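Peer 1: Have a peek at input-v1.cif (mmCIF, C-alpha atoms).
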data_entry
#
loop_
_atom_site.group_PDB
_atom_site.id
_atom_site.type_symbol
_atom_site.label_atom_id
_atom_site.label_comp_id
_atom_site.auth_asym_id
_atom_site.auth_seq_id
_atom_site.Cartn_x
_atom_site.Cartn_y
_atom_site.Cartn_z
ATOM 1 C CA MET A 21 -21.521 -5.048 -14.332
ATOM 2 C CA SER A 22 -19.305 -4.294 -17.313
ATOM 3 C CA LEU A 23 -19.565 -6.028 -20.663
ATOM 4 C CA LEU A 24 -16.193 -7.675 -20.023
ATOM 5 C CA GLN A 25 -17.407 -9.077 -16.682
ATOM 6 C CA ARG A 26 -20.547 -10.428 -18.349
ATOM 7 C CA LEU A 27 -18.460 -12.138 -21.044
ATOM 8 C CA ILE A 28 -16.082 -13.626 -18.497
ATOM 9 C CA GLY A 29 -19.016 -14.862 -16.434
ATOM 10 C CA ALA A 30 -20.687 -16.385 -19.493
ATOM 11 C CA ALA A 31 -17.488 -18.261 -20.344
ATOM 12 C CA LEU A 32 -16.593 -19.376 -16.818
ATOM 13 C CA ARG A 33 -20.007 -20.451 -15.567
ATOM 14 C CA PRO A 34 -20.252 -23.591 -17.751
ATOM 15 C CA ARG A 35 -16.601 -24.422 -17.011
ATOM 16 C CA VAL A 36 -17.085 -24.245 -13.231
ATOM 17 C CA LYS A 37 -20.386 -26.118 -13.322
ATOM 18 C CA SER A 38 -18.940 -28.861 -15.527
ATOM 19 C CA LYS A 39 -15.813 -29.294 -13.384
ATOM 20 C CA ALA A 40 -17.871 -29.448 -10.163
ATOM 21 C CA ARG A 41 -20.421 -31.930 -11.482
ATOM 22 C CA GLY A 42 -20.480 -35.111 -9.406
ATOM 23 C CA LYS A 43 -17.810 -33.993 -6.936
ATOM 24 C CA THR A 44 -18.228 -34.095 -3.191
ATOM 25 C CA LEU A 45 -16.999 -31.413 -0.827
ATOM 26 C CA GLU A 46 -14.372 -33.861 0.436
ATOM 27 C CA GLN A 47 -13.089 -34.381 -3.119
ATOM 28 C CA LEU A 48 -12.965 -30.625 -3.620
ATOM 29 C CA ALA A 49 -11.027 -30.240 -0.363
ATOM 30 C CA ASP A 50 -8.498 -32.762 -1.695
ATOM 31 C CA GLU A 51 -8.254 -30.853 -4.981
ATOM 32 C CA LEU A 52 -7.752 -27.571 -3.113
ATOM 33 C CA ALA A 53 -4.955 -29.200 -1.097
ATOM 34 C CA ALA A 54 -3.342 -30.453 -4.308
ATOM 35 C CA SER A 55 -3.520 -27.030 -5.886
ATOM 36 C CA ARG A 56 -2.079 -25.530 -2.684
ATOM 37 C CA ASP A 57 0.881 -27.880 -3.059
ATOM 38 C CA TYR A 58 1.274 -26.746 -6.680
ATOM 39 C CA LEU A 59 0.722 -23.011 -6.080
ATOM 40 C CA MET A 60 2.517 -22.285 -2.816
ATOM 41 C CA PRO A 61 6.065 -23.001 -4.062
ATOM 42 C CA ARG A 62 5.370 -20.557 -6.912
ATOM 43 C CA VAL A 63 3.844 -17.989 -4.572
ATOM 44 C CA MET A 64 6.782 -18.273 -2.172
ATOM 45 C CA ALA A 65 9.340 -18.006 -5.026
ATOM 46 C CA ALA A 66 7.673 -14.964 -6.588
ATOM 47 C CA ARG A 67 9.885 -11.912 -7.025
ATOM 48 C CA ASP A 68 8.855 -8.829 -5.117
ATOM 49 C CA THR A 69 7.328 -6.829 -7.965
ATOM 50 C CA PRO A 70 4.151 -4.736 -8.119
ATOM 51 C CA GLY A 71 2.654 -7.232 -10.588
ATOM 52 C CA ASN A 72 3.305 -10.220 -8.333
ATOM 53 C CA ARG A 73 1.983 -8.416 -5.255
ATOM 54 C CA GLU A 74 -1.157 -7.492 -7.199
ATOM 55 C CA ALA A 75 -1.650 -11.070 -8.476
ATOM 56 C CA ILE A 76 -1.337 -12.578 -4.992
ATOM 57 C CA ASN A 77 -3.584 -9.925 -3.445
ATOM 58 C CA HIS A 78 -6.159 -10.569 -6.176
ATOM 59 C CA TRP A 79 -6.092 -14.323 -5.480
ATOM 60 C CA LEU A 80 -6.324 -13.645 -1.759
ATOM 61 C CA GLY A 81 -9.340 -11.395 -2.221
ATOM 62 C CA ILE A 82 -11.109 -13.855 -4.506
ATOM 63 C CA GLU A 83 -10.327 -16.794 -2.187
ATOM 64 C CA ARG A 84 -11.658 -15.047 0.929
ATOM 65 C CA TRP A 85 -14.662 -13.539 -0.885
ATOM 66 C CA SER A 86 -15.593 -16.877 -2.442
ATOM 67 C CA LEU A 87 -15.277 -18.724 0.859
ATOM 68 C CA ASP A 88 -17.437 -16.087 2.552
ATOM 69 C CA ASN A 89 -20.079 -16.655 -0.121
ATOM 70 C CA ALA A 90 -19.883 -20.458 0.079
ATOM 71 C CA LEU A 91 -20.234 -20.330 3.859
ATOM 72 C CA SER A 92 -23.329 -18.154 3.578
ATOM 73 C CA TRP A 93 -25.292 -21.037 2.046
ATOM 74 C CA GLU A 94 -28.023 -20.948 4.713
ATOM 75 C CA HIS A 95 -28.497 -17.185 4.434
ATOM 76 C CA PRO A 96 -26.838 -16.124 1.164
ATOM 77 C CA ASN A 97 -25.046 -12.803 0.952
ATOM 78 C CA GLU A 98 -26.106 -10.163 -1.497
ATOM 79 C CA PRO A 99 -23.610 -10.077 -4.392
ATOM 80 C CA GLN A 100 -20.781 -7.720 -3.412
ATOM 81 C CA SER A 101 -17.284 -6.711 -4.428
ATOM 82 C CA TYR A 102 -14.344 -8.871 -3.473
ATOM 83 C CA ARG A 103 -12.180 -5.796 -2.823
ATOM 84 C CA ARG A 104 -12.839 -5.687 0.928
ATOM 85 C CA PHE A 105 -11.311 -9.177 1.235
ATOM 86 C CA ARG A 106 -7.917 -8.050 -0.097
ATOM 87 C CA LEU A 107 -5.065 -6.753 2.029
ATOM 88 C CA PRO A 108 -4.596 -2.976 1.934
ATOM 89 C CA GLU A 109 -2.587 -1.464 -0.915
ATOM 90 C CA GLY A 110 1.057 -1.382 0.069
ATOM 91 C CA ALA A 111 1.015 -4.788 1.779
ATOM 92 C CA SER A 112 4.420 -6.431 1.538
ATOM 93 C CA LEU A 113 5.070 -9.534 -0.510
ATOM 94 C CA ALA A 114 5.705 -11.508 2.694
ATOM 95 C CA GLU A 115 2.379 -10.352 4.170
ATOM 96 C CA LEU A 116 0.555 -11.358 0.994
ATOM 97 C CA GLN A 117 2.283 -14.742 0.855
ATOM 98 C CA ARG A 118 1.369 -15.506 4.476
ATOM 99 C CA ALA A 119 -2.199 -14.301 4.008
ATOM 100 C CA PHE A 120 -2.758 -16.372 0.872
ATOM 101 C CA ALA A 121 -1.297 -19.495 2.521
ATOM 102 C CA ALA A 122 -3.566 -18.989 5.553
ATOM 103 C CA ALA A 123 -6.605 -18.337 3.357
ATOM 104 C CA ARG A 124 -6.046 -21.548 1.391
ATOM 105 C CA GLU A 125 -5.704 -23.549 4.621
ATOM 106 C CA GLU A 126 -8.952 -22.012 5.856
ATOM 107 C CA THR A 127 -10.677 -22.868 2.561
ATOM 108 C CA ILE A 128 -9.536 -26.497 2.722
ATOM 109 C CA ALA A 129 -10.604 -26.791 6.372
ATOM 110 C CA ALA A 130 -13.998 -25.230 5.585
ATOM 111 C CA ALA A 131 -14.649 -27.656 2.716
ATOM 112 C CA ARG A 132 -13.806 -30.591 5.012
ATOM 113 C CA ARG A 133 -15.951 -29.155 7.821
ATOM 114 C CA LEU A 134 -18.925 -28.695 5.482
ATOM 115 C CA ALA A 135 -18.431 -32.223 4.128
ATOM 116 C CA ARG A 136 -18.843 -33.583 7.684
ATOM 117 C CA ALA A 137 -21.756 -31.292 8.551
ATOM 118 C CA ASP A 138 -25.367 -31.368 7.517
ATOM 119 C CA VAL A 139 -24.821 -29.052 4.564
ATOM 120 C CA ASN A 140 -26.819 -29.053 1.394
ATOM 121 C CA PRO A 141 -24.019 -29.010 -1.226
ATOM 122 C CA ALA A 142 -26.608 -27.995 -3.841
ATOM 123 C CA ALA A 143 -27.628 -24.858 -1.894
ATOM 124 C CA VAL A 144 -27.257 -21.843 -4.159
ATOM 125 C CA VAL A 145 -25.474 -18.553 -3.547
ATOM 126 C CA VAL A 146 -25.339 -15.995 -6.362
ATOM 127 C CA HIS A 147 -21.961 -15.039 -7.833
ATOM 128 C CA LYS A 148 -22.025 -11.455 -9.114
ATOM 129 C CA ASP A 149 -20.614 -12.458 -12.535
ATOM 130 C CA LEU A 150 -21.350 -16.190 -12.898
ATOM 131 C CA GLY A 151 -24.865 -16.197 -11.472
ATOM 132 C CA PRO A 152 -26.214 -18.929 -9.177
ATOM 133 C CA LEU A 153 -23.559 -21.382 -7.944
ATOM 134 C CA SER A 154 -24.016 -24.293 -5.561
ATOM 135 C CA VAL A 155 -21.778 -24.689 -2.527
ATOM 136 C CA THR A 156 -19.709 -27.301 -4.379
ATOM 137 C CA GLU A 157 -19.447 -25.020 -7.405
ATOM 138 C CA TRP A 158 -18.131 -22.214 -5.178
ATOM 139 C CA PHE A 159 -15.301 -24.472 -3.958
ATOM 140 C CA GLN A 160 -14.604 -25.510 -7.545
ATOM 141 C CA TYR A 161 -14.518 -21.836 -8.518
ATOM 142 C CA ILE A 162 -11.935 -21.116 -5.796
ATOM 143 C CA ASP A 163 -9.681 -23.896 -7.040
ATOM 144 C CA ASP A 164 -10.172 -23.060 -10.701
ATOM 145 C CA HIS A 165 -9.481 -19.352 -10.215
ATOM 146 C CA SER A 166 -5.983 -19.640 -8.792
ATOM 147 C CA ARG A 167 -5.013 -22.500 -11.127
ATOM 148 C CA ARG A 168 -6.086 -20.459 -14.162
ATOM 149 C CA GLU A 169 -4.285 -17.350 -13.016
ATOM 150 C CA VAL A 170 -0.973 -18.874 -11.899
ATOM 151 C CA VAL A 171 0.506 -17.612 -15.170
ATOM 152 C CA ARG A 172 0.324 -14.078 -13.739
ATOM 153 C CA LEU A 173 3.167 -14.801 -11.283
ATOM 154 C CA ARG A 174 6.689 -14.014 -12.402
ATOM 155 C CA ARG A 175 9.738 -15.560 -10.764
#
Mind turning the file's structure into structure tokens?

Peer 2:
Amino acid sequence: MSLLQRLIGAALRPRVKSKARGKTLEQLADELAASRDYLMPRVMAARDTPGNREAINHWLGIERWSLDNALSWEHPNEPQSYRRFRLPEGASLAELQRAFAAAREETIAAARRLARADVNPAAVVVHKDLGPLSVTEWFQYIDDHSRREVVRLRR
């Protein structure tokens, strides 16, 4: 892990933990739906530029990777790169837009499903940069990531 990744993790960990404190998975699903409603018009209006395609593919990779980690709560994954959760280089803007929209819907549905199931929301799965995160903190991380990085999109 690079020094930059360690610094980012050290800064984000308390933020994610603080924002997740006291929230239920159902509340986090509602927040993810609200951020979807905020983000998707921006994602769909993004110009087709290399920077915008990279930003959306990055969000997609982080969203899918984070959900995979959150869903592994019973048998946590070993920390791994998010890169395999991205679309291949050269994916079109339309493909990225559709994939991100589908990934967010899957994330919201998963949070609601876990809220109804016998899930321990305090179960811990290790984030490669932020360290141990509970299931609820993983969903908070997903929401926080795309909200923080929306400034990367250019219209």

Peer 1: Name all residues at most 10 Å from A:Glu98 (count only C-alpha atoms; drop same-chain ones fewer than 3 positions away) and give them as number ranges by chain.

Peer 2: A: 89, 92, 95, 101, 145-148

Peer 1: Taking only C-alpha atoms into account, name the residue in A:Leu116, A:Arg104, A:Gln160, A:Ser22 that is nearest to A:Met64.

Peer 2: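 Using only C-alpha atoms, A:Met64 sits closest to A:Leu116.
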
Peer 1: Skip stretch 41-50 of chain A itself and residues of its chain fewer than 3 positions away, then list as a PyMOL selection string all residues within 8 Å of it, counting only C-alpha atoms.

Peer 2: chain A and resi 37-38+53-54+127-129+131-132+134-135+141+156+159-160

Peer 1: Keeping only C-alpha atoms, write the selected residues as a compact mmCIF listing (two decimals), in the frame of the given file.

Peer 2:
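Result file follows (again-v3.txt):
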# COMPACT_ATOMS: atom_id res chain seq x y z
CA LYS A 37 -20.39 -26.12 -13.32
CA SER A 38 -18.94 -28.86 -15.53
CA ALA A 53 -4.96 -29.20 -1.10
CA ALA A 54 -3.34 -30.45 -4.31
CA THR A 127 -10.68 -22.87 2.56
CA ILE A 128 -9.54 -26.50 2.72
CA ALA A 129 -10.60 -26.79 6.37
CA ALA A 131 -14.65 -27.66 2.72
CA ARG A 132 -13.81 -30.59 5.01
CA LEU A 134 -18.92 -28.70 5.48
CA ALA A 135 -18.43 -32.22 4.13
CA PRO A 141 -24.02 -29.01 -1.23
CA THR A 156 -19.71 -27.30 -4.38
CA PHE A 159 -15.30 -24.47 -3.96
CA GLN A 160 -14.60 -25.51 -7.54

Peer 1: Which residue gives the smallest distance to A:Ala75 among A:Ala30, A:Leu150, A:Leu87, A:Leu113, with all atoms listed in the file counted?

Peer 2: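 Going through A:Ala30, A:Leu150, A:Leu87, A:Leu113 one by one, the smallest distance to A:Ala75 is for A:Leu113.
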
Peer 1: Convert the output of the PyMOL selection byres ((chain A and resi 124) around 9) on the shown file into explicit residues, formatted as a ChimeraX atom specification.

Peer 2: /A:52-53,56,80,83-84,119-123,125-129

Peer 1: Give the answer as one residue: which of A:Ala130, A:Asn77, A:Gly29, A:Arg118 has the shortest atom-to-atom distance to A:Pro152, using all atoms listed in the file?

Peer 2: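 Smallest distance to A:Pro152 is found for A:Gly29.
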
Peer 1: Nearest to A:Pro96 among A:Leu23, A:Ala40, A:Val155, A:Ile162, with distances taken over all atoms listed in the file: which residue is it?

Peer 2: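 With all atoms listed in the file as the atom set, the closest residue is A:Val155.
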
Peer 1: Please indicate the distance in Å from atom CA of A:Ala142 to atom CA of A:Arg33, rounded to one decimal place.

Peer 2: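 If I compute the distance from atom CA of A:Ala142 to atom CA of A:Arg33, I get 15.4 Å.
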
Peer 1: Between atom CA of A:Val139 and atom CA of A:Tyr58, what distance in Å does the model show, to one decimal?

Peer 2: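 Computing it gives 28.5 Å between the two atoms.
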
Peer 1: In Å, how far is it from atom CA of A:Gln25 to atom CA of A:Lys39?

Peer 2: 20.5 Å

Peer 1: Considering only C-alpha atoms, return as a ChimeraX atom specification whatever protein or nucleic-acid residues lie within 10 Å of A:Arg67, sequence-local ones (same chain, fewer than 6 positions apart) excluded.

Peer 2: /A:73,113,173-175

Peer 1: Between A:His78, A:Arg133, A:Arg35, A:Arg62, which has the minimum distance to A:Val171 (counting only C-alpha atoms)?

Peer 2: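 Among the listed residues, A:Arg62 lies closest to A:Val171.
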
Peer 1: Hey, which of A:Ile76, A:Val36, A:Ala65, A:Leu91 ends up closest to A:Ser112? Count only C-alpha atoms.

Peer 2: A:Ile76

Peer 1: Around all the atoms of stretch 87-92 of chain A listed in the file, draw an axis-aligned box and extend it by 5 Å on each of the six sides; I want its centre and edge lengths in Å to one decimal, as JSON.

Peer 2:
{"center_x": -19.3, "center_y": -18.3, "center_z": 1.9, "size_x": 18.1, "size_y": 14.4, "size_z": 14.0}

Peer 1: Excluding A:Ser166 and residues on its chain fewer than 2 positions from it, collect all residues at most 9 Å away from it, counting all atoms listed in the file, and give them as a list in words.

Peer 2: Ser55, Leu59, Trp79, Ile82, Glu83, Tyr161, Ile162, Asp163, Asp164, Arg168, Glu169 and Val170 of chain A

Peer 1: Is it possible to add N, CA and C atoms to stretch 67-88 of chain A and hand it back as a short mmCIF file (atom, residue, chain, number, x, y, z; two decimals), keeping the file's coordinate frame?

Peer 2:
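File written: result21.cif
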data_model
loop_
_atom_site.label_atom_id
_atom_site.label_comp_id
_atom_site.auth_asym_id
_atom_site.auth_seq_id
_atom_site.Cartn_x
_atom_site.Cartn_y
_atom_site.Cartn_z
N ARG A 67 9.08 -13.12 -7.25
CA ARG A 67 9.88 -11.91 -7.02
C ARG A 67 8.99 -10.82 -6.45
N ASP A 68 9.60 -9.94 -5.71
CA ASP A 68 8.86 -8.83 -5.12
C ASP A 68 8.70 -7.72 -6.16
N THR A 69 7.64 -7.84 -6.95
CA THR A 69 7.33 -6.83 -7.96
C THR A 69 5.89 -6.37 -7.76
N PRO A 70 5.54 -5.18 -8.23
CA PRO A 70 4.15 -4.74 -8.12
C PRO A 70 3.17 -5.72 -8.77
N GLY A 71 3.54 -6.27 -9.91
CA GLY A 71 2.65 -7.23 -10.59
C GLY A 71 2.41 -8.49 -9.78
N ASN A 72 3.46 -9.02 -9.15
CA ASN A 72 3.30 -10.22 -8.33
C ASN A 72 2.51 -9.93 -7.07
N ARG A 73 2.77 -8.78 -6.45
CA ARG A 73 1.98 -8.42 -5.26
C ARG A 73 0.51 -8.26 -5.62
N GLU A 74 0.23 -7.66 -6.76
CA GLU A 74 -1.16 -7.49 -7.20
C GLU A 74 -1.80 -8.85 -7.49
N ALA A 75 -1.09 -9.74 -8.16
CA ALA A 75 -1.65 -11.07 -8.48
C ALA A 75 -2.00 -11.83 -7.20
N ILE A 76 -1.09 -11.84 -6.23
CA ILE A 76 -1.34 -12.58 -4.99
C ILE A 76 -2.47 -11.93 -4.20
N ASN A 77 -2.51 -10.60 -4.17
CA ASN A 77 -3.58 -9.93 -3.44
C ASN A 77 -4.93 -10.19 -4.13
N HIS A 78 -4.93 -10.24 -5.44
CA HIS A 78 -6.16 -10.57 -6.18
C HIS A 78 -6.63 -11.98 -5.82
N TRP A 79 -5.72 -12.94 -5.84
CA TRP A 79 -6.09 -14.32 -5.48
C TRP A 79 -6.61 -14.38 -4.06
N LEU A 80 -5.91 -13.68 -3.16
CA LEU A 80 -6.32 -13.64 -1.76
C LEU A 80 -7.74 -13.10 -1.63
N GLY A 81 -8.01 -11.99 -2.29
CA GLY A 81 -9.34 -11.40 -2.22
C GLY A 81 -10.41 -12.32 -2.76
N ILE A 82 -10.14 -12.93 -3.90
CA ILE A 82 -11.11 -13.86 -4.51
C ILE A 82 -11.31 -15.08 -3.62
N GLU A 83 -10.23 -15.61 -3.06
CA GLU A 83 -10.33 -16.79 -2.19
C GLU A 83 -11.20 -16.49 -0.96
N ARG A 84 -10.90 -15.40 -0.28
CA ARG A 84 -11.66 -15.05 0.93
C ARG A 84 -13.12 -14.70 0.60
N TRP A 85 -13.31 -13.94 -0.47
CA TRP A 85 -14.66 -13.54 -0.88
C TRP A 85 -15.49 -14.77 -1.26
N SER A 86 -14.89 -15.67 -2.02
CA SER A 86 -15.59 -16.88 -2.44
C SER A 86 -15.94 -17.76 -1.25
N LEU A 87 -15.00 -17.91 -0.33
CA LEU A 87 -15.28 -18.72 0.86
C LEU A 87 -16.40 -18.10 1.68
N ASP A 88 -16.37 -16.78 1.83
CA ASP A 88 -17.44 -16.09 2.55
C ASP A 88 -18.79 -16.37 1.90
#
